[in-house]
Structure formats: structure tokens, C-alpha cells
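Peer 1: Got a file for you: my_file12.txt, compact mmCIF, C-alpha atoms.
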# COMPACT_ATOMS: atom_id res chain seq x y z
CA MET J 1 6.44 18.02 6.71
CA SER J 2 3.59 20.14 5.39
CA ILE J 3 0.76 18.58 3.39
CA PRO J 4 0.80 19.57 -0.31
CA TYR J 5 -2.27 21.40 -1.52
CA GLU J 6 -2.73 18.83 -4.30
CA CYS J 7 -3.97 16.38 -1.66
CA LEU J 8 -7.19 18.38 -1.18
CA PRO J 9 -8.73 17.79 -4.63
CA CYS J 10 -7.34 14.23 -4.57
CA PHE J 11 -9.27 13.45 -1.38
CA MET J 12 -12.44 14.94 -2.84
CA ARG J 13 -12.08 12.92 -6.07
CA GLN J 14 -11.85 9.79 -3.96
CA ALA J 15 -14.92 10.77 -1.95
CA VAL J 16 -16.97 11.52 -5.07
CA ALA J 17 -15.96 8.22 -6.70
CA LEU J 18 -16.88 6.30 -3.54
CA VAL J 19 -20.27 8.01 -3.25
CA GLU J 20 -21.02 7.37 -6.93
CA ARG J 21 -20.31 3.65 -6.46
CA LYS J 22 -22.19 3.21 -3.21
CA ILE J 23 -25.04 5.72 -2.90
CA ARG J 24 -28.01 6.04 -5.24
CA ASP J 25 -30.03 8.62 -3.29
CA ASP J 26 -29.04 12.19 -4.21
CA ASN J 27 -29.84 13.64 -0.78
CA ALA J 28 -27.77 10.99 0.99
CA ALA J 29 -24.90 11.50 -1.46
CA SER J 30 -24.96 15.25 -0.89
CA ARG J 31 -24.93 14.78 2.89
CA VAL J 32 -21.90 12.47 2.76
CA LEU J 33 -19.97 14.82 0.46
CA HIS J 34 -20.68 17.78 2.72
CA LEU J 35 -19.27 15.76 5.61
CA ALA J 36 -16.21 15.05 3.46
CA ILE J 37 -15.73 18.79 2.94
CA ASP J 38 -16.04 19.35 6.69
CA ALA J 39 -13.35 16.70 7.28
CA LEU J 40 -11.00 18.53 4.93
CA HIS J 41 -11.41 21.67 7.03
CA ARG J 42 -9.32 19.85 9.65
CA PHE J 43 -6.52 19.40 7.13
CA ASP J 44 -4.13 21.70 9.00
CA SER J 45 -5.12 20.65 12.51
CA PRO J 46 -2.38 19.71 15.02
CA GLY J 47 -1.16 16.15 14.61
CA VAL J 48 -2.10 15.95 10.93
CA SER J 49 1.25 16.32 9.19
CA SER J 50 0.95 14.08 6.12
CA ALA J 51 -1.58 12.80 3.61
CA PRO J 52 -1.63 9.31 5.20
CA ALA J 53 -2.33 10.92 8.59
CA MET J 54 -5.18 12.95 7.11
CA ALA J 55 -6.57 9.94 5.26
CA ALA J 56 -7.17 8.01 8.47
CA SER J 57 -9.57 10.62 9.84
CA PHE J 58 -11.01 11.49 6.42
CA TYR J 59 -12.01 7.94 5.52
CA SER J 60 -13.21 7.22 9.03
CA ALA J 61 -15.61 10.16 8.70
CA LEU J 62 -16.78 8.93 5.28
CA ALA J 63 -17.32 5.37 6.49
CA GLN J 64 -19.26 6.58 9.52
CA ALA J 65 -21.44 8.84 7.37
CA MET J 66 -22.19 5.94 5.02
CA GLY J 67 -22.84 3.49 7.83
CA GLU J 68 -20.25 1.03 6.48
CA GLU J 69 -17.20 -0.07 8.43
CA ASP J 70 -15.33 -1.06 5.26
CA PRO J 71 -16.85 0.70 2.21
CA PHE J 72 -14.26 -0.81 -0.16
CA LYS J 73 -14.73 -4.43 0.93
CA GLU J 74 -16.41 -5.54 -2.30
CA GLU J 75 -13.65 -4.08 -4.46
CA LYS J 76 -10.95 -5.56 -2.23
CA ASP J 77 -12.50 -9.02 -2.33
CA THR J 78 -12.92 -8.84 -6.11
CA ALA J 79 -9.27 -7.89 -6.72
CA THR J 80 -8.06 -10.58 -4.31
CA ALA J 81 -10.19 -13.32 -5.87
CA LEU J 82 -9.19 -12.43 -9.44
CA LEU J 83 -5.47 -12.25 -8.65
CA LEU J 84 -5.67 -15.56 -6.76
CA SER J 85 -7.25 -17.11 -9.85
CA ALA J 86 -4.31 -15.75 -11.88
CA LEU J 87 -1.68 -17.31 -9.59
CA PRO J 88 -0.74 -20.11 -12.06
CA THR J 89 -0.06 -17.52 -14.77
CA LEU J 90 1.84 -15.24 -12.40
CA ARG J 91 3.94 -18.10 -11.03
CA GLY J 92 4.67 -19.21 -14.58
CA HIS J 93 5.91 -15.70 -15.36
CA ILE J 94 8.34 -15.91 -12.44
CA GLN J 95 9.52 -19.47 -13.15
CA ALA J 96 10.27 -18.62 -16.78
CA ALA J 97 12.49 -15.67 -15.81
CA ALA J 98 16.28 -15.83 -15.83
CA ASP J 99 16.21 -14.43 -12.28
CA PRO J 100 13.03 -15.60 -10.50
CA PHE J 101 13.71 -13.39 -7.46
CA ALA J 102 13.96 -10.28 -9.63
CA ALA J 103 10.80 -11.30 -11.50
CA ALA J 104 8.94 -11.73 -8.19
CA VAL J 105 10.10 -8.27 -7.12
CA ARG J 106 8.92 -6.78 -10.41
CA LEU J 107 5.48 -8.35 -10.00
CA ALA J 108 5.26 -7.10 -6.41
CA VAL J 109 6.06 -3.56 -7.55
CA ALA J 110 3.63 -3.88 -10.47
CA GLY J 111 0.94 -4.94 -8.00
CA ASN J 112 0.99 -1.39 -6.65
CA VAL J 113 -1.30 -0.39 -9.54
CA VAL J 114 -4.17 -2.02 -7.59
CA ASP J 115 -5.05 1.19 -5.75
CA LEU J 116 -8.45 2.84 -5.32
CA GLY J 117 -6.88 5.76 -3.47
CA SER J 118 -4.70 7.25 -6.19
CA ASP J 119 -6.92 5.85 -8.95
CA PRO J 120 -10.58 5.85 -7.80
CA GLY J 121 -11.64 4.57 -11.22
CA PHE J 122 -9.42 1.47 -11.11
CA ASP J 123 -11.36 -1.58 -12.32
CA SER J 124 -10.60 -4.44 -9.92
CA ARG J 125 -11.84 -6.90 -12.55
CA ARG J 126 -8.81 -6.04 -14.69
CA ALA J 127 -6.31 -6.37 -11.85
CA ALA J 128 -4.30 -9.30 -13.26
CA GLU J 129 -4.09 -7.73 -16.73
CA ALA J 130 -2.97 -4.39 -15.26
CA VAL J 131 -0.30 -6.06 -13.11
CA LEU J 132 1.23 -8.07 -15.96
CA ALA J 133 1.31 -4.96 -18.15
CA ALA J 134 3.00 -2.94 -15.39
CA ALA J 135 5.57 -5.70 -14.85
CA GLU J 136 6.86 -5.10 -18.36
CA GLU J 137 7.65 -1.44 -17.63
CA PRO J 138 11.24 -0.57 -16.69
CA LEU J 139 12.15 0.34 -13.11
CA PHE J 140 13.26 3.96 -12.70
CA THR J 141 15.39 2.97 -9.69
CA ASP J 142 16.40 -0.67 -9.37
CA HIS J 143 18.12 -1.83 -6.19
CA THR J 144 16.83 -5.39 -6.56
CA ARG J 145 20.30 -6.94 -6.46
CA ILE J 146 21.07 -5.27 -3.12
CA LEU J 147 17.67 -6.34 -1.76
CA LYS J 148 18.33 -9.94 -2.79
CA GLU J 149 21.74 -9.97 -1.08
CA LYS J 150 20.43 -8.46 2.17
CA ALA J 151 17.36 -10.71 2.22
CA ALA J 152 19.58 -13.79 1.97
CA ARG J 153 21.53 -12.68 5.06
CA ALA J 154 18.54 -11.48 7.12
CA ALA J 155 17.41 -13.46 10.15
CA SER J 156 14.19 -11.42 10.37
CA ILE J 157 12.27 -9.52 7.68
CA LEU J 158 9.40 -7.09 8.25
CA TYR J 159 7.25 -6.64 5.14
CA LEU J 160 4.91 -3.64 5.25
CA GLY J 161 1.80 -4.32 3.15
CA ASP J 162 -0.14 -1.73 1.20
CA ASN J 163 -3.32 -2.62 -0.68
CA ALA J 164 -5.63 -5.63 -0.66
CA GLY J 165 -5.50 -7.58 -3.92
CA GLU J 166 -1.89 -6.62 -4.57
CA VAL J 167 -1.08 -8.69 -1.46
CA VAL J 168 -1.35 -11.72 -3.76
CA LEU J 169 1.75 -10.35 -5.53
CA ASP J 170 3.43 -9.76 -2.17
CA ARG J 171 2.73 -13.43 -1.45
CA LEU J 172 4.73 -14.42 -4.54
CA LEU J 173 7.69 -12.32 -3.41
CA ILE J 174 7.48 -13.69 0.15
CA GLU J 175 7.71 -17.20 -1.35
CA HIS J 176 11.16 -16.13 -2.62
CA LEU J 177 12.33 -14.71 0.73
CA PRO J 178 13.98 -16.82 3.46
CA GLU J 179 11.44 -19.28 4.84
CA ASN J 180 9.86 -18.63 8.27
CA LYS J 181 11.64 -15.29 8.64
CA VAL J 182 8.97 -12.87 7.35
CA VAL J 183 6.46 -10.89 9.42
CA PHE J 184 3.78 -9.20 7.31
CA ALA J 185 2.28 -5.94 8.63
CA VAL J 186 -1.28 -4.84 7.84
CA ARG J 187 -3.28 -1.72 8.67
CA GLY J 188 -4.93 -1.45 12.07
CA GLY J 189 -8.37 -1.08 10.51
CA PRO J 190 -10.17 -0.58 7.19
CA VAL J 191 -9.08 2.48 5.19
CA ILE J 192 -9.56 2.85 1.42
CA ASN J 193 -8.57 -0.52 -0.12
CA ASP J 194 -5.56 -0.96 2.15
CA VAL J 195 -4.83 -4.43 3.46
CA THR J 196 -6.22 -5.63 6.79
CA ALA J 197 -5.53 -8.94 8.53
CA GLY J 198 -8.61 -10.50 6.92
CA ASP J 199 -7.48 -9.40 3.46
CA ALA J 200 -4.02 -10.90 4.02
CA LEU J 201 -5.51 -14.21 5.15
CA ARG J 202 -7.81 -14.31 2.10
CA ALA J 203 -4.74 -13.80 -0.10
CA GLY J 204 -3.14 -16.92 1.42
CA LEU J 205 -0.41 -15.35 3.55
CA GLY J 206 -1.33 -17.25 6.71
CA PRO J 207 0.82 -20.35 6.07
CA LEU J 208 3.78 -18.27 4.85
CA CYS J 209 4.37 -15.71 7.56
CA LYS J 210 3.17 -14.16 10.77
CA ILE J 211 0.61 -11.39 10.22
CA VAL J 212 0.68 -8.39 12.57
CA SER J 213 -1.18 -5.09 12.75
CA THR J 214 0.52 -1.71 12.88
CA GLY J 215 -2.09 -0.79 15.48
CA ASP J 216 -3.14 2.25 13.45
CA PRO J 217 -5.67 2.55 10.58
CA SER J 218 -3.66 5.10 8.59
CA PRO J 219 -2.81 4.15 4.96
CA GLY J 220 0.87 4.33 5.79
CA VAL J 221 3.14 3.74 8.77
CA LEU J 222 3.07 6.68 11.18
CA LEU J 223 5.67 5.83 13.80
CA ASP J 224 4.13 8.15 16.39
CA ARG J 225 0.78 6.32 16.12
CA VAL J 226 1.69 2.63 15.77
CA SER J 227 1.53 0.13 18.63
CA GLN J 228 4.56 -0.44 20.83
CA GLU J 229 4.72 -4.04 19.60
CA PHE J 230 4.90 -2.95 15.99
CA HIS J 231 7.36 -0.16 16.75
CA SER J 232 9.73 -2.69 18.29
CA LEU J 233 9.35 -5.03 15.30
CA PHE J 234 10.10 -2.15 12.96
CA LEU J 235 13.30 -1.17 14.77
CA ASP J 236 14.55 -4.70 15.44
CA ALA J 237 14.03 -6.40 12.06
CA ASP J 238 17.17 -7.11 10.08
CA LEU J 239 15.42 -6.01 6.90
CA VAL J 240 12.32 -3.89 6.25
CA ILE J 241 10.50 -3.98 2.90
CA ALA J 242 7.77 -1.37 2.45
CA LYS J 243 5.20 -1.59 -0.34
CA GLY J 244 3.32 1.35 -1.76
CA GLN J 245 3.43 5.11 -1.98
CA GLY J 246 1.61 5.58 1.35
CA ASN J 247 4.33 3.72 3.22
CA PHE J 248 7.01 5.71 1.39
CA GLU J 249 5.30 9.05 2.05
CA SER J 250 4.88 8.35 5.76
CA LEU J 251 8.36 6.91 6.37
CA PHE J 252 10.88 8.61 4.11
CA ALA J 253 11.23 11.63 6.44
CA SER J 254 10.64 9.86 9.77
CA SER J 255 12.34 6.48 9.58
CA PRO J 256 15.49 6.11 11.70
CA ARG J 257 16.53 2.99 9.79
CA GLU J 258 17.17 1.56 6.33
CA ILE J 259 14.12 0.49 4.30
CA PHE J 260 13.63 -0.97 0.83
CA PHE J 261 10.68 0.82 -0.76
CA LEU J 262 8.77 -0.91 -3.58
CA PHE J 263 6.20 1.40 -5.13
CA LYS J 264 4.79 3.31 -8.07
CA VAL J 265 5.05 7.12 -8.16
CA LYS J 266 1.41 8.17 -8.28
CA CYS J 267 1.31 11.92 -7.71
CA ARG J 268 3.25 15.08 -8.48
CA PHE J 269 4.33 15.57 -4.85
CA ILE J 270 6.05 12.18 -4.65
CA SER J 271 7.48 12.72 -8.12
CA GLY J 272 9.15 15.85 -6.80
CA LEU J 273 10.51 14.08 -3.71
CA THR J 274 11.99 11.19 -5.68
CA ARG J 275 12.90 13.18 -8.79
CA ALA J 276 11.21 10.39 -10.73
CA PRO J 277 8.63 10.93 -13.48
CA LEU J 278 4.98 10.39 -12.62
CA GLY J 279 4.13 6.71 -13.10
CA SER J 280 7.68 5.50 -12.41
CA GLN J 281 8.19 2.21 -10.59
CA MET J 282 10.84 2.00 -7.90
CA VAL J 283 12.86 -0.55 -5.94
CA LEU J 284 14.64 1.94 -3.73
CA GLU J 285 17.14 1.29 -0.96
CA PHE J 286 16.63 4.17 1.46
CA ASN J 287 19.05 4.90 4.29
CA PRO J 288 18.53 8.02 6.45
CA GLN J 289 22.21 7.87 7.37
CA GLY J 290 23.14 8.48 3.73
Could I get this structure in the form of C-alpha cells?
Peer 2:
Amino acid sequence: MSIPYECLPCFMRQAVALVERKIRDDNAASRVLHLAIDALHRFDSPGVSSAPAMAASFYSALAQAMGEEDPFKEEKDTATALLLSALPTLRGHIQAAADPFAAAVRLAVAGNVVDLGSDPGFDSRRAAEAVLAAAEEPLFTDHTRILKEKAARAASILYLGDNAGEVVLDRLLIEHLPENKVVFAVRGGPVINDVTAGDALRAGLGPLCKIVSTGDPSPGVLLDRVSQEFHSLFLDADLVIAKGQGNFESLFASSPREIFFLFKVKCRFISGLTRAPLGSQMVLEFNPQG
């Protein structure tokens, strides 16, 4: 798969927003942005076949230039803390629903708005408000009933996380999945505001499920880069649930197995792939076998 040209300005918007938040010295800001431009020159290099693949090297270069291992840590911690404080309200929303499982799915999908990659200007302080508003929007594709049926029969479920903060919403959905059968996958290292093991533990997932790393810091799941342990988990799980556009973008053309994708359509490229309007929310059963 070739990388769409729209990714180039998107990466630079993210870099500029990060520099504006973190760097006050103009000379230092200019140096970091020039390094970002240099990183984009490797956009068509061998082995870089998707935006998530490019993002791993791009954000690693930015973090190294800034001297910060996890430049988005403050924003991630803020979103996590605020959504944890909203748990009583969020749980009440689910409990009041006619179908609590479907309501938990809707909140998990709505949590995908907590994204500093596609929306560098996202205000983490308004995370709970943004999630509840998104949960009221209709789903463009809704395979929730099929997901519920297959989850009830699954002996093992692999849940692929996306962003920190929104993991609190994933926690609510995991509470409605079969107990002690969920493994939650995190990124192999800090990248944008994607979830790491520490972020998942701060969100309270530790007592609910096993937390594993993909073994790769890409903001997606690149099957040719993940650890052997994760690759085996991915193939062997009875059910795979994948949150976020990055997981969809990296897996829709490479996955050999069925996946349920829960995500928001955040760019024109993904809109074209899914034939869904920009901003659509999806609960999509995907099967490469048709």
C-alpha cells in the first residue's frame, strides 16, 4: 500500500503543534522542525509502507530532537485523570441504557476522539465532555450485535488499544466482556498519545486483564514488526477487537484473520477506503475472506 500524500502536511501539523506546546525558544523550535522535515524525506524509503509505519520513525526523531522520551506524557496523564474522574457519570450512562453492552461499545468508539495525532489541538481537559457528545452520534456501520454474540462465545479475546485517556472507555467495555478472557495490547514504546503499559495501568486495566506489548512503537499494529509473542496472540485469539484508525489503517490490508474495528474516520484517505463520510464512527466486522 502506498502512503497518501495527505499524510505529509498532517505530520507537519502535528510537529508544529507539538513544538508550539513544548518549546519556547525560537532557535530550538526551528531546529526541531527542520529535523521533522528531514524525517519526512524518508517517507518513501524501503520498509515504510503506511502512515503508522512512518509515524514510528517520525516521532522517534522528534522526541530525540526535543530530548524527551515521551513528549505527550502530560497530555496523556491529563486525559486519563479526567476520564477516570468521570467514571461514575460514564458508568451511569451505560447502566441507564436498554442495552448496556451496546452503550459500552458506543462509549468505547466515542473515546476515539481523544487523539492528538489526527487533532493536534484537542483539549485533553474537555475529554469527558467530548466523549459523551460523540456517544450521541449515530454509527455509520454498526455490527455491535454480531460483536456481542461472538464475544459471548469467545474463550480468548485480544483487545488492541489505541490512545491513552480513551483507554478508560476501553476499560468500561472490557468490564462487559467475558471475565478473565481479555488480553489488552499496548504500543511497544511512546508514540504520539498512544497507549503504553504505564498508561493502561494508570487507567485501571491491571485488575481486569493481562496487558501485553506489541513489541513495536508504531501507532498501529504492523504484523511484520511485532514480537513473535504478540504475533501468536493475534493469530490464536478467538476474537480480536481493534480500537482506533491507526489499527484499522495498519491491519485492514494485512490481517489474515477477522477483526472487529471500533474507530472514528479521521482523514480523507480512510474515508475513501471505508466509503464513510469524514467523522463517521464505526463498529465494523472485517473478514479478509469476505
Peer 1: Restricting the calculation to all atoms listed in the file: of J:Leu235, J:Ala242, J:Ala81, J:Leu139, which residue gets closest to J:Pro256?
Peer 2: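 Selected residue with least distance to J:Pro256: J:Leu235.
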Peer 1: Which one is closest to J:Cys7: J:Val182, J:Thr274, J:Thr144, J:Phe58? Count only C-alpha atoms.
Peer 2: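 Checking each of J:Val182, J:Thr274, J:Thr144, J:Phe58 against J:Cys7, counting only C-alpha atoms, the winner is J:Phe58.
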Peer 1: With the cut-off set at 12 Å and counting all atoms listed in the file, tabulate each residue of stretch 33-74 of chain J with an atom at most that distance from an atom of stretch 150-171 of chain J, showing the nearest atom pair and its distance in Å to one decimal, ordered by chain and increasing number, as JSON lines.
Peer 2:
{"residue": "J:Pro52", "atom": "CA", "partner": "J:Asp162", "partner_atom": "CA", "distance": 11.8}
{"residue": "J:Phe72", "atom": "CA", "partner": "J:Ala164", "partner_atom": "CA", "distance": 9.9}
{"residue": "J:Lys73", "atom": "CA", "partner": "J:Ala164", "partner_atom": "CA", "distance": 9.3}
{"residue": "J:Glu74", "atom": "CA", "partner": "J:Ala164", "partner_atom": "CA", "distance": 10.9}
Peer 1: Which distance in Å separates atom CA of J:Pro190 and atom CA of J:Ala53, to one decimal?
Peer 2: 14.0 Å
Peer 1: Leaving out J:Lys76 and any residue of its chain fewer than 6 positions from it, which residues lie within 12 Å of it when counting only C-alpha atoms, given as JSON, numbers by chain?
Peer 2: {"J": [70, 82, 83, 114, 115, 116, 122, 123, 124, 125, 127, 162, 163, 164, 165, 166, 167, 168, 190, 191, 192, 193, 194, 195, 196, 198, 199, 200, 202, 203]}
Peer 1: In Å, rounded to a single decimal, give me how far atom CA of J:Ala110 is from atom CA of J:Val265.
Peer 2: 11.3 Å
Peer 1: Contacts between stretch 275-283 of chain J and stretch 164-265 of chain J, please, where a residue of stretch 164-265 of chain J counts if it comes within 9 Å (with all atoms listed in the file); show its shortest atom pair and distance in Å to one decimal, rows by chain and ascending number, as a Markdown table.
Peer 2:
| residue | atom | partner | partner_atom | distance |
| --- | --- | --- | --- | --- |
| J:Phe260 | CA | J:Val283 | CA | 6.8 |
| J:Phe261 | CA | J:Val283 | CA | 5.8 |
| J:Leu262 | CA | J:Val283 | CA | 4.7 |
| J:Phe263 | CA | J:Met282 | CA | 5.4 |
| J:Lys264 | CA | J:Gln281 | CA | 4.4 |
| J:Val265 | CA | J:Gly279 | CA | 5.0 |
Peer 1: Store the residues picked out above, limited to C-alpha atoms, as a PDB file, keeping the file's coordinate frame.
Peer 2:
ATOM      1  CA  PHE J 260      13.630  -0.970   0.830  1.00  0.00           C
ATOM      2  CA  PHE J 261      10.680   0.820  -0.760  1.00  0.00           C
ATOM      3  CA  LEU J 262       8.770  -0.910  -3.580  1.00  0.00           C
ATOM      4  CA  PHE J 263       6.200   1.400  -5.130  1.00  0.00           C
ATOM      5  CA  LYS J 264       4.790   3.310  -8.070  1.00  0.00           C
ATOM      6  CA  VAL J 265       5.050   7.120  -8.160  1.00  0.00           C
TER       7      VAL J 265
END
Peer 1: Considering all atoms listed in the file, return as a PyMOL selection string whatever protein or nucleic-acid residues lie within 6 Å of J:Arg187, sequence-local ones (same chain, fewer than 2 positions apart) excluded.
Peer 2: chain J and resi 189+196+213-214+217
Peer 1: Suppose we keep C-alpha atoms; can you now write the selection as a JSON list (two decimals), in the frame of the given file?
Peer 2:
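Saved as part.json:
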[["chain", "number", "residue", "atom", "x", "y", "z"],
["J", 189, "GLY", "CA", -8.37, -1.08, 10.51],
["J", 196, "THR", "CA", -6.22, -5.63, 6.79],
["J", 213, "SER", "CA", -1.18, -5.09, 12.75],
["J", 214, "THR", "CA", 0.52, -1.71, 12.88],
["J", 217, "PRO", "CA", -5.67, 2.55, 10.58]]
Peer 1: Could you tell me how far atom CA of J:Leu273 lies from atom CA of J:Ser227, in Å and to one decimal?
Peer 2: 27.8 Å
Peer 1: For each of J:His143, J:Arg31, J:Lys148, J:Arg13, take the minimum atom-to-atom distance to J:Met66, counting all atoms listed in the file, then give the residue where this is smallest.
Peer 2: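 Smallest distance to J:Met66 is found for J:Arg31.
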Peer 1: Using all atoms listed in the file, which residues sit within 12 Å of J:Phe101 once same-chain residues fewer than 6 positions away are excluded, as a list in words?
Peer 2: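 Final neighbour list, sorted by chain and number: Arg91, His93, Ile94, Gln95, Leu107, Ala108, Thr144, Arg145, Ile146, Leu147, Lys148, Glu149, Ala151, Ala152, Leu172, Leu173, Ile174, Glu175, His176, Leu177 and Pro178 of chain J.
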Peer 1: I need the chosen residues saved as a short mmCIF file (atom, residue, chain, number, x, y, z; two decimals), keeping the file's coordinate frame, with C-alpha atoms.
Peer 2:
data_model
loop_
_atom_site.label_atom_id
_atom_site.label_comp_id
_atom_site.auth_asym_id
_atom_site.auth_seq_id
_atom_site.Cartn_x
_atom_site.Cartn_y
_atom_site.Cartn_z
CA ARG J 91 3.94 -18.10 -11.03
CA HIS J 93 5.91 -15.70 -15.36
CA ILE J 94 8.34 -15.91 -12.44
CA GLN J 95 9.52 -19.47 -13.15
CA LEU J 107 5.48 -8.35 -10.00
CA ALA J 108 5.26 -7.10 -6.41
CA THR J 144 16.83 -5.39 -6.56
CA ARG J 145 20.30 -6.94 -6.46
CA ILE J 146 21.07 -5.27 -3.12
CA LEU J 147 17.67 -6.34 -1.76
CA LYS J 148 18.33 -9.94 -2.79
CA GLU J 149 21.74 -9.97 -1.08
CA ALA J 151 17.36 -10.71 2.22
CA ALA J 152 19.58 -13.79 1.97
CA LEU J 172 4.73 -14.42 -4.54
CA LEU J 173 7.69 -12.32 -3.41
CA ILE J 174 7.48 -13.69 0.15
CA GLU J 175 7.71 -17.20 -1.35
CA HIS J 176 11.16 -16.13 -2.62
CA LEU J 177 12.33 -14.71 0.73
CA PRO J 178 13.98 -16.82 3.46
#
Peer 1: If we count only C-alpha atoms and set the cut-off at 10 Å, which residues sit around J:Pro288, ignoring sequence neighbours fewer than 2 positions away in its own chain? Please answer as JSON, numbers by chain.
Peer 2: {"J": [252, 253, 254, 255, 256, 257, 258, 259, 286, 290]}
Peer 1: Could you check which of J:Gly246, J:Gly206, J:Gly188, J:Pro100 is closest to J:Phe230, using only C-alpha atoms?
Peer 2: J:Gly188
Peer 1: Taking all atoms listed in the file into account, which of J:Asn247, J:Leu132, J:Ser57, J:Ala79 comes nearest J:Ala104?
Peer 2: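 Ranked by minimum distance to J:Ala104, first place goes to J:Leu132.
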Peer 1: Using all atoms listed in the file, collect all residues at a distance of at most 12 Å from (4.8, -3.3, 15.5) as written in the file, then present them as a VMD selection string.
Peer 2: chain J and resid 158 to 160 183 to 188 210 to 216 221 to 237 240
Peer 1: Give the answer as one residue: which of J:Lys243, J:His41, J:Arg106, J:Lys22 has the shortest atom-to-atom distance to J:Ala133, using only C-alpha atoms?
Peer 2: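 Looking only at the distances to J:Ala133, the closest residue turns out to be J:Arg106.
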